[in-house]
Each structure stands twice: as C-alpha cells, then as structure tokens.
$ cat protein_32.cif   # mmCIF, C-alpha atoms
data_start
loop_
_atom_site.label_atom_id
_atom_site.label_comp_id
_atom_site.auth_asym_id
_atom_site.auth_seq_id
_atom_site.Cartn_x
_atom_site.Cartn_y
_atom_site.Cartn_z
CA MET A 97 170.24 5.92 106.72
CA HIS A 98 171.24 2.58 108.29
CA ALA A 99 173.27 1.61 105.31
CA SER A 100 176.79 2.63 106.32
CA CYS A 101 177.96 -0.95 105.95
CA LEU A 102 176.55 -1.31 102.42
CA ALA A 103 178.87 -1.07 99.44
CA ASP A 104 178.22 1.98 97.28
CA GLN A 105 177.05 -0.13 94.37
CA ARG A 106 174.52 -2.10 96.45
CA ARG A 107 173.36 1.13 98.04
CA ARG A 108 172.68 2.69 94.62
CA GLU A 109 170.96 -0.49 93.49
CA VAL A 110 168.56 -0.49 96.45
CA LEU A 111 167.91 3.26 96.15
CA ARG A 112 167.09 2.84 92.46
CA GLN A 113 164.48 0.22 93.43
CA CYS A 114 163.09 2.55 96.10
CA LEU A 115 162.75 5.41 93.64
CA SER A 116 161.22 3.38 90.82
CA VAL A 117 158.62 1.91 93.16
CA GLY A 118 158.02 5.40 94.54
CA ILE A 119 157.46 6.87 91.06
CA ALA A 120 155.23 4.00 89.89
CA THR A 121 153.07 4.17 93.02
CA GLY A 122 153.13 7.95 93.21
CA ALA A 123 151.83 8.24 89.65
CA TYR A 124 148.79 6.37 90.79
CA GLY A 125 148.14 9.04 93.45
CA VAL A 126 146.86 11.25 90.61
CA SER A 127 143.92 8.92 90.07
CA PHE A 128 143.25 8.80 93.81
CA GLY A 129 143.18 12.60 94.08
CA ALA A 130 140.88 12.89 91.06
CA LEU A 131 138.50 10.14 92.25
CA SER A 132 138.38 11.56 95.77
CA VAL A 133 137.24 15.07 94.79
CA THR A 134 134.78 13.72 92.23
CA ALA A 135 133.40 11.46 94.99
CA GLY A 136 132.52 14.60 96.93
CA LEU A 137 135.44 14.95 99.35
CA SER A 138 137.01 18.39 99.68
CA LEU A 139 140.59 19.15 98.66
CA TRP A 140 141.69 19.15 102.32
CA GLN A 141 139.89 15.89 103.10
CA THR A 142 141.62 14.34 100.09
CA ILE A 143 145.00 15.62 101.27
CA ALA A 144 144.29 14.37 104.82
CA LEU A 145 143.55 10.85 103.54
CA SER A 146 146.88 10.62 101.68
CA ALA A 147 148.91 12.24 104.47
CA LEU A 148 147.28 10.48 107.45
CA LEU A 149 145.67 7.26 106.24
CA PHE A 150 148.44 6.60 103.67
CA SER A 151 147.40 3.18 102.41
CA GLY A 152 146.22 3.07 98.79
CA ALA A 153 143.63 0.30 98.91
CA SER A 154 142.03 1.72 102.07
CA GLN A 155 141.93 5.23 100.61
CA PHE A 156 140.28 4.01 97.40
CA ALA A 157 137.79 2.02 99.49
CA VAL A 158 136.83 5.10 101.53
CA VAL A 159 136.22 7.32 98.49
CA GLY A 160 134.58 4.47 96.54
CA ILE A 161 132.03 3.84 99.29
CA ILE A 162 131.36 7.56 99.76
CA ALA A 163 130.96 8.02 95.99
CA ALA A 164 128.38 5.22 95.97
CA GLY A 165 126.44 6.96 98.74
CA GLY A 166 127.50 4.50 101.44
CA ALA A 167 127.59 5.20 105.18
CA GLY A 168 130.72 6.60 106.84
CA ALA A 169 130.77 3.61 109.19
CA ALA A 170 130.95 1.20 106.25
CA ALA A 171 133.78 3.24 104.74
CA VAL A 172 135.74 3.21 108.03
CA ALA A 173 135.13 -0.52 108.57
CA THR A 174 136.20 -1.50 105.03
CA SER A 175 139.25 0.75 105.21
CA SER A 176 140.27 -0.81 108.54
CA LEU A 177 139.76 -4.39 107.37
CA LEU A 178 141.94 -3.63 104.36
CA GLY A 179 144.46 -2.02 106.72
CA MET A 180 144.82 -5.16 108.85
CA ARG A 181 147.48 -6.50 106.51
CA ASN A 182 149.64 -3.48 107.37
CA GLY A 183 149.57 -4.73 110.98
CA LEU A 184 151.03 -8.01 109.78
CA TYR A 185 153.68 -6.16 107.76
CA SER A 186 154.65 -4.04 110.76
CA LEU A 187 155.04 -7.20 112.81
CA GLN A 188 157.55 -8.45 110.22
CA MET A 189 159.20 -5.04 109.82
CA SER A 190 159.60 -4.47 113.58
CA ARG A 191 161.98 -7.46 113.59
CA LEU A 192 163.95 -6.27 110.56
CA LEU A 193 164.15 -2.59 111.51
CA GLY A 194 164.80 -2.88 115.25
CA VAL A 195 163.24 0.56 115.86
CA ARG A 196 162.49 1.77 119.39
CA GLY A 197 160.76 4.73 121.03
CA LEU A 198 159.46 7.54 118.85
CA ARG A 199 161.08 6.18 115.66
CA ARG A 200 158.32 3.57 115.72
CA VAL A 201 155.85 6.34 114.74
CA PRO A 202 157.34 7.14 111.29
CA ALA A 203 158.16 3.46 110.82
CA ALA A 204 154.51 2.55 111.45
CA GLN A 205 153.20 5.30 109.14
CA LEU A 206 155.49 4.14 106.30
CA THR A 207 154.60 0.45 106.69
CA ILE A 208 152.68 -0.33 103.49
CA ASP A 209 152.70 -2.97 100.74
CA GLU A 210 155.50 -1.32 98.76
CA SER A 211 157.99 -0.52 101.56
CA THR A 212 157.54 -4.01 103.04
CA ALA A 213 157.92 -5.68 99.65
CA VAL A 214 161.15 -3.85 98.74
CA ALA A 215 162.57 -4.46 102.23
CA ILE A 216 161.98 -8.19 102.40
CA ALA A 217 163.22 -8.63 98.82
CA GLN A 218 166.74 -7.67 100.00
CA PRO A 219 169.07 -10.42 101.21
CA GLU A 220 171.10 -8.42 103.75
CA PRO A 221 169.74 -6.57 106.84
CA ALA A 222 171.32 -3.18 106.00
CA ALA A 223 169.72 -3.25 102.53
CA GLN A 224 166.41 -4.32 104.05
CA ARG A 225 166.40 -1.25 106.28
CA LEU A 226 167.47 1.04 103.44
CA GLY A 227 164.82 -0.50 101.18
CA PHE A 228 162.12 0.07 103.79
CA TRP A 229 162.93 3.70 104.64
CA GLY A 230 163.84 4.64 101.07
CA THR A 231 160.71 3.19 99.52
CA GLY A 232 158.47 4.39 102.34
CA LEU A 233 159.73 7.98 102.07
CA ALA A 234 159.74 8.03 98.24
CA VAL A 235 156.16 6.73 98.09
CA TYR A 236 155.02 9.06 100.89
CA VAL A 237 156.40 12.23 99.29
CA LEU A 238 155.34 11.39 95.71
CA TRP A 239 151.94 9.96 96.71
CA ASN A 240 151.04 13.12 98.60
CA LEU A 241 152.26 15.46 95.84
CA THR A 242 150.41 13.56 93.10
CA THR A 243 147.26 13.39 95.26
CA ILE A 244 147.17 17.21 95.31
CA LEU A 245 147.79 17.31 91.55
CA GLY A 246 144.99 14.79 90.90
CA ALA A 247 142.59 16.61 93.23
CA VAL A 248 143.18 19.93 91.49
CA VAL A 249 143.02 18.47 87.96
CA GLY A 250 140.10 16.18 88.93
CA ASN A 251 138.04 19.22 89.97
CA ALA A 252 138.62 20.75 86.56
CA LEU A 253 137.76 17.54 84.69
CA GLY A 254 134.08 17.42 85.59
CA ASP A 255 132.28 14.10 85.06
CA PRO A 256 134.84 11.32 85.78
CA LYS A 257 132.89 8.84 83.65
CA ARG A 258 133.82 10.72 80.48
CA PHE A 259 137.45 9.84 81.16
CA GLY A 260 136.71 6.32 82.35
CA LEU A 261 137.89 7.15 85.87
CA ASP A 262 135.17 4.88 87.30
CA ALA A 263 136.88 2.00 85.47
CA ALA A 264 140.30 3.05 86.79
CA ALA A 265 139.53 2.16 90.41
CA PRO A 266 138.44 -1.47 89.85
CA ALA A 267 141.42 -1.89 87.49
CA ALA A 268 143.71 -0.57 90.22
CA PHE A 269 142.20 -2.97 92.77
CA CYS A 270 142.60 -5.78 90.28
CA ALA A 271 146.29 -4.91 89.82
CA LEU A 272 146.76 -4.84 93.62
CA LEU A 273 145.00 -8.20 93.88
CA TRP A 274 146.90 -9.86 91.02
CA PRO A 275 150.22 -10.66 92.77
CA ARG A 276 148.26 -12.14 95.71
CA LEU A 277 146.63 -14.80 93.54
CA LYS A 278 149.62 -17.12 93.29
CA SER A 279 148.18 -19.85 95.51
CA GLY A 280 145.09 -21.94 94.83
CA ASP A 281 143.79 -20.94 98.28
CA ALA A 282 143.96 -17.27 97.35
CA ARG A 283 142.26 -17.78 93.98
CA ALA A 284 139.43 -19.69 95.64
CA VAL A 285 138.97 -16.99 98.29
CA ALA A 286 138.97 -14.26 95.60
CA ALA A 287 136.34 -16.07 93.53
CA VAL A 288 134.07 -16.78 96.51
CA ALA A 289 134.40 -13.19 97.79
CA ALA A 290 133.49 -11.71 94.39
CA VAL A 291 130.40 -13.94 94.10
CA ILE A 292 129.26 -13.16 97.66
CA ALA A 293 129.69 -9.42 97.08
CA LEU A 294 127.64 -9.49 93.87
CA VAL A 295 124.88 -11.60 95.46
CA VAL A 296 124.62 -9.19 98.41
CA ALA A 297 125.03 -5.94 96.40
CA PRO A 298 121.42 -5.48 95.18
CA HIS A 299 120.07 -5.98 98.71
CA ALA A 300 122.43 -3.94 100.92
CA PRO A 301 123.76 -0.37 101.19
CA ALA A 302 127.08 0.41 99.48
CA GLY A 303 130.09 -0.87 101.41
CA ILE A 304 128.24 -3.71 103.15
CA PRO A 305 128.69 -6.29 100.32
CA VAL A 306 132.47 -5.98 100.58
CA LEU A 307 132.37 -6.43 104.35
CA VAL A 308 130.16 -9.52 104.03
CA ALA A 309 132.58 -10.92 101.45
CA ALA A 310 135.35 -10.66 104.06
CA VAL A 311 133.65 -13.62 105.73
CA ALA A 312 135.15 -15.70 102.92
CA ALA A 313 138.60 -14.73 104.14
CA ILE A 314 137.80 -15.49 107.79
CA VAL A 315 136.43 -18.92 106.87
CA ALA A 316 139.43 -19.62 104.60
CA GLY A 317 141.76 -18.59 107.42
CA LEU A 318 140.10 -21.01 109.81
CA LEU A 319 140.36 -23.94 107.41
CA PRO A 320 143.57 -25.99 107.51
CA SER A 321 145.85 -24.70 104.79
CA ARG A 322 146.91 -27.71 102.75
CA GLY A 323 147.10 -31.46 102.53
CA SER A 324 143.85 -31.87 104.42
CA ARG A 325 140.48 -33.21 103.33
CA GLU A 326 138.74 -29.91 104.09
CA ARG A 327 140.97 -28.13 101.62
CA ASP A 328 140.54 -30.83 99.02
CA VAL A 329 136.79 -30.29 99.09
CA LEU A 330 137.08 -26.53 98.78
CA LEU A 331 139.91 -26.04 96.35
CA ASP A 332 141.26 -27.09 93.03
CA LEU A 333 143.73 -29.93 93.65
CA SER A 334 145.69 -29.26 90.48
CA THR A 335 147.14 -25.99 91.78
CA PRO A 336 150.60 -26.20 93.31
CA PRO A 337 150.79 -25.22 97.00
CA ASP A 338 152.69 -21.97 96.44
CA GLU A 339 153.59 -19.75 99.35
CA GLU A 340 151.68 -16.49 99.65
CA ALA A 341 153.42 -13.46 98.20
CA PRO A 342 153.75 -10.85 100.95
CA ALA A 343 152.58 -7.95 98.82
CA MET B 224 129.00 10.54 110.44
CA THR B 225 130.38 13.66 108.73
CA LEU B 226 132.96 13.32 105.97
CA TRP B 227 135.66 14.71 108.26
CA THR B 228 134.79 12.18 110.98
CA THR B 229 135.02 9.39 108.40
CA VAL B 230 138.38 10.66 107.11
CA LEU B 231 139.93 11.09 110.57
CA LEU B 232 138.49 7.89 112.08
CA ALA B 233 139.67 5.80 109.12
CA SER B 234 143.11 7.45 109.35
CA GLY B 235 143.37 6.90 113.12
CA LEU B 236 142.44 3.25 112.86
CA ALA B 237 144.81 2.73 109.92
CA PHE B 238 147.69 4.13 111.98
CA ALA B 239 146.70 2.10 115.05
CA LEU B 240 146.82 -1.10 112.99
CA LYS B 241 150.24 -0.19 111.59
CA PHE B 242 151.57 0.79 115.03
CA LEU B 243 150.27 -2.37 116.71
CA GLY B 244 152.85 -4.57 115.00
CA TYR B 245 155.68 -2.45 116.47
CA VAL B 246 154.44 -2.59 120.07
CA VAL B 247 152.88 -6.01 120.65
CA PRO B 248 155.10 -8.90 121.72
CA HIS B 249 155.97 -10.86 118.60
CA GLN B 250 154.27 -14.11 119.62
CA VAL B 251 150.80 -12.52 120.03
CA LEU B 252 149.95 -12.30 116.33
CA ASP B 253 152.11 -15.21 115.26
CA GLY B 254 149.39 -17.89 115.29
CA VAL B 255 148.84 -19.88 112.11
CA VAL B 256 145.11 -19.06 112.00
CA VAL B 257 145.63 -15.33 112.57
CA SER B 258 148.28 -15.05 109.89
CA ARG B 259 146.15 -17.01 107.41
CA VAL B 260 143.16 -14.74 108.05
CA THR B 261 145.40 -11.67 107.68
CA ALA B 262 146.82 -13.03 104.41
CA MET B 263 143.38 -13.82 102.98
CA LEU B 264 141.60 -10.61 104.05
CA PRO B 265 143.14 -8.35 101.39
CA VAL B 266 142.47 -11.03 98.76
CA ALA B 267 138.78 -11.26 99.68
CA LEU B 268 138.33 -7.52 100.09
CA LEU B 269 140.12 -6.51 96.90
CA SER B 270 138.28 -9.13 94.88
CA ALA B 271 134.93 -8.00 96.32
CA LEU B 272 135.80 -4.36 95.57
CA VAL B 273 136.66 -5.23 91.97
CA ALA B 274 133.35 -7.08 91.55
CA VAL B 275 131.19 -4.42 93.21
CA GLN B 276 132.83 -1.41 91.55
CA THR B 277 132.68 -3.02 88.11
CA PHE B 278 129.23 -4.58 88.09
CA THR B 279 126.90 -2.52 90.30
CA ALA B 280 124.77 0.34 88.99
CA SER B 281 124.33 3.53 91.05
CA GLY B 282 121.03 2.15 92.38
CA GLY B 283 122.72 -1.02 93.68
CA GLY B 284 121.50 -3.41 90.95
CA LEU B 285 123.88 -5.42 88.79
CA THR B 286 124.86 -4.17 85.34
CA VAL B 287 127.44 -4.75 82.61
CA ASP B 288 128.73 -1.52 81.05
CA ALA B 289 131.94 0.15 79.87
CA ARG B 290 133.60 -0.62 83.23
CA ALA B 291 133.38 -4.36 82.52
CA ALA B 292 135.19 -3.83 79.22
CA GLY B 293 137.79 -1.77 81.11
CA LEU B 294 138.28 -4.61 83.59
CA ALA B 295 138.63 -7.17 80.79
CA VAL B 296 141.37 -5.04 79.23
CA ALA B 297 143.02 -4.63 82.66
CA VAL B 298 143.09 -8.41 83.21
CA THR B 299 144.55 -8.93 79.73
CA ALA B 300 147.22 -6.32 80.48
CA LEU B 301 148.03 -8.05 83.79
CA LEU B 302 148.34 -11.40 82.02
CA LEU B 303 150.83 -9.70 79.67
CA ARG B 304 152.72 -8.43 82.77
CA ALA B 305 152.01 -4.77 82.09
CA PRO B 306 153.08 -2.37 84.86
CA PHE B 307 150.52 -1.08 87.35
CA LEU B 308 150.00 2.33 85.80
CA VAL B 309 149.61 0.95 82.27
CA VAL B 310 146.90 -1.41 83.54
CA VAL B 311 144.97 1.45 85.14
CA ILE B 312 145.34 3.81 82.17
CA LEU B 313 144.29 1.12 79.64
CA ALA B 314 141.15 0.35 81.67
CA ALA B 315 140.18 4.02 81.91
CA ALA B 316 140.94 4.62 78.22
CA THR B 317 138.83 1.61 77.21
CA ALA B 318 135.82 2.81 79.20
CA ALA B 319 136.24 6.39 78.00
CA THR B 320 136.52 5.31 74.35
CA LEU B 321 133.43 3.10 74.56
CA ARG B 322 131.44 5.92 76.15
CA ALA B 323 132.62 8.37 73.50
CA LEU B 324 131.27 5.87 70.96
CA GLY B 325 127.95 5.89 72.80
CA TRP B 326 128.04 2.58 74.70
CA GLY B 327 127.93 1.96 78.48
#

$ encode --input "protein_32.cif" --output "structure tokens"
Amino acid sequence: MHASCLADQRRREVLRQCLSVGIATGAYGVSFGALSVTAGLSLWQTIALSALLFSGASQFAVVGIIAAGGAGAAAVATSSLLGMRNGLYSLQMSRLLGVRGLRRVPAAQLTIDESTAVAIAQPEPAAQRLGFWGTGLAVYVLWNLTTILGAVVGNALGDPKRFGLDAAAPAAFCALLWPRLKSGDARAVAAVAAVIALVVAPHAPAGIPVLVAAVAAIVAGLLPSRGSRERDVLLDLSTPPDEEAPA
Amino acid sequence: MTLWTTVLLASGLAFALKFLGYVVPHQVLDGVVVSRVTAMLPVALLSALVAVQTFTASGGGLTVDARAAGLAVAVTALLLRAPFLVVVILAAATAATLRALGWG
C-alpha cells in the first residue's frame, strides 16, 4: 500500500504479523457473534455492530449490558467510554499515516487496539503504515466473517451457559486488560474499579456499576503520575514506574 | 431506546471518537491530564466489566459460580502467557465442565 520503499523481506515480515493478529482476533469474533444473538440481538443487529462499531471491547459491553437487561443508554455510554481510547490512537495514527480528505474515513474506522499496536511496533514509517492498514483490514474482514459464523452457530447452540459462553466474555475482557496492567498506577486503578463496580452492582441497573467505576480512571488521571506524595499515598511504592503499553 | 437505536447510536459515537483524532489539531488532546485519563479509562472499564460479569447474578446480587472458576483459569493461563483465544476457550471449557458436573 504505502510500502514501495520497503524491502521484500521486511514487507513479508510485517504482513505476516498483520495476518497472524488478524486471525487471532478474528477467531474471537465467533464468541462475539454467539454472545450477541444469545443476548437477544438479531442477526442483522449483530452484523451491524461488527461492521459499524468495530471495536471488540465496546461490542462486548453493548451485548453484555443488553443481556443483563440493562438500558440502551447505559450500553451506549459504556461503549463510548471504552471507545475513547480509539480517539487517542487515532491522534497518534494521524501523525504516522499522514492521511487527508476521504481516506481519513477508512483510517478512522480501522483505528483499533490491534492496528495501532502493530503499527507503532514497527521502527520505520513505511512499515508502520503497512502494519496499520494490513492489520486493520485483516482484522476487519475476519472479524466480520467470524461474527456471522458465531451468530449462526450461536443461534443453534441454545443456552450459552451450557458451553460456558458466559465465562468467555469476562475472560476475554481480562485478556484485553492484562497487557495494560504493566504499571503500578494501572494495577491500582483496575483494583479500585473492580471493587467500586461490585459495591454498586447490587444497588443499580446493569451497566451503571461499570460507568461509576470509570470515576476511578478520571480520578487517577487527575492525580500526578509519579514521584509525588499523592501517588505515594495511593499506590504501591515497590512497583517500578513502567510506561503504559499502548494496547 | 430500541435495540436498533442502541446499535446505531453506539456505532455512530464509536466512529466519531475514532474520527476525532484525525481532524482535531494535534495539540488539543495532547495534555498530560487528558492522556492519563484516556490511558486509565480502558483499564478501569475492563476491570469493572470483568468483576461485574463474573460475580453478579441475573438479579444484580453478588454470587460465586462456575464463571469465577473460569476466570481463575483464565488468569492462570495469562500468567503462563497463553494466547488470547486459548485463554477464552479455557475459561469457557472450565465453566461448561463444572456445570456438566452439576456445580454453578
């Protein structure tokens, strides 16, 4: 795509990364499709979420809240809060990609954890652009195909609990969360958010506990990051001040 | 809100957030506080989702069932650096097996 100045070997190397990330992520679209139809969304609504929303965590949040009987507004709000990180990614990617005009539309739609991660892992600009478009397209195509497969199979499966599908979603969230827990700040925020959500859960409609827990992130964001007394009070001093992983 | 409204509104807002980064001047969202909040939001939200989806019963109360065992297996798999899909499949298989045995 933009990779004319890349050596063939580097080009193949980057494309192999794109494809393996695409396959790994796409496989997980099966569980999204299955969960979505068992949550009560139609086949077309499930397809629309993968084609239009196209952000795994947000999609799982929407169907999770609907499955629990939560309000549409709570589903939209949680999905959008989760989607805010994509805005940060697109800010980074707009500098690397240098896209203008209408090309910003597909670039924006393909800006997700995986495409950003593969792009910024490359040392040279041409490979960064190839990594972004290659991963974005591979994930988009495979994610949408496997969503349809999961939705069709999920309808035939019946009760998702029999297959442990209700345990698959929290495990998937946990796997998405895992690489973000490298810093002590992040681990503290995760712990506080989980406790807040569980304290609020018995007293609020589905979806609200997660939104309330987001307060933990806002507060953590407002506190000075490191080397200050405020942080020392809040966080474990023994943890090294690692940089945040981007995805 | 109908299901279609929810689906389309969530999709529209998701795209707007993605598009924003390509159209705003770079310095607008560059503040230290904004980027720290944006970095911490997914951490807080994902952690809260894990907690709620593992430990709440359909009525909203707290419970420990086969999902908790699934999560424990998922965490163990993550500690052993298992790939994403393996983590998810192991958690589901654990819960399914326990339920087949009549627990949770």

$ closest_residue --input "protein_32.cif" --among "B:Thr320, B:Thr286, B:Ser234, B:Thr299" --to "chain A" --atoms "all atoms listed in the file"
B:Ser234

$ residues_around --input "protein_32.cif" --residues "B:Val310" --least-positions-apart "6" --cutoff "12 Å" --atoms "all atoms listed in the file" --output "mmCIF file with C-alpha atoms, in the frame of the given file"
data_model
loop_
_atom_site.group_PDB
_atom_site.id
_atom_site.type_symbol
_atom_site.label_atom_id
_atom_site.label_comp_id
_atom_site.auth_asym_id
_atom_site.auth_seq_id
_atom_site.Cartn_x
_atom_site.Cartn_y
_atom_site.Cartn_z
ATOM 1 C CA ALA A 120 155.230 4.000 89.890
ATOM 2 C CA TYR A 124 148.790 6.370 90.790
ATOM 3 C CA ALA A 263 136.880 2.000 85.470
ATOM 4 C CA ALA A 264 140.300 3.050 86.790
ATOM 5 C CA ALA A 265 139.530 2.160 90.410
ATOM 6 C CA PRO A 266 138.440 -1.470 89.850
ATOM 7 C CA ALA A 267 141.420 -1.890 87.490
ATOM 8 C CA ALA A 268 143.710 -0.570 90.220
ATOM 9 C CA PHE A 269 142.200 -2.970 92.770
ATOM 10 C CA CYS A 270 142.600 -5.780 90.280
ATOM 11 C CA ALA A 271 146.290 -4.910 89.820
ATOM 12 C CA LEU A 272 146.760 -4.840 93.620
ATOM 13 C CA TRP A 274 146.900 -9.860 91.020
ATOM 14 C CA GLY B 293 137.790 -1.770 81.110
ATOM 15 C CA LEU B 294 138.280 -4.610 83.590
ATOM 16 C CA ALA B 295 138.630 -7.170 80.790
ATOM 17 C CA VAL B 296 141.370 -5.040 79.230
ATOM 18 C CA ALA B 297 143.020 -4.630 82.660
ATOM 19 C CA VAL B 298 143.090 -8.410 83.210
ATOM 20 C CA THR B 299 144.550 -8.930 79.730
ATOM 21 C CA ALA B 300 147.220 -6.320 80.480
ATOM 22 C CA LEU B 301 148.030 -8.050 83.790
ATOM 23 C CA LEU B 302 148.340 -11.400 82.020
ATOM 24 C CA LEU B 303 150.830 -9.700 79.670
ATOM 25 C CA ARG B 304 152.720 -8.430 82.770
ATOM 26 C CA ALA B 316 140.940 4.620 78.220
ATOM 27 C CA THR B 317 138.830 1.610 77.210
#

$ interface_residues --input "protein_32.cif" --of "chain B" --to "chain A" --cutoff "6 Å" --atoms "all atoms listed in the file" --output "ChimeraX atom specification"
/B:224,229,233-234,237,240-242,244-245,256,259-261,263-271,273-274,276,283-284,290,293-294,297,311,314-315,318-319

$ resolve_selection --input "protein_32.cif" --expression "the PyMOL selection byres ((chain A and resi 101-114) around 12)" --output "PyMOL selection string"
chain A and resi 97-100+115-122+210-236+238

$ atom_distance --input "protein_32.cif" --atom1 "atom CA of B:Phe278" --atom2 "atom CA of B:Gly327"
11.7 Å
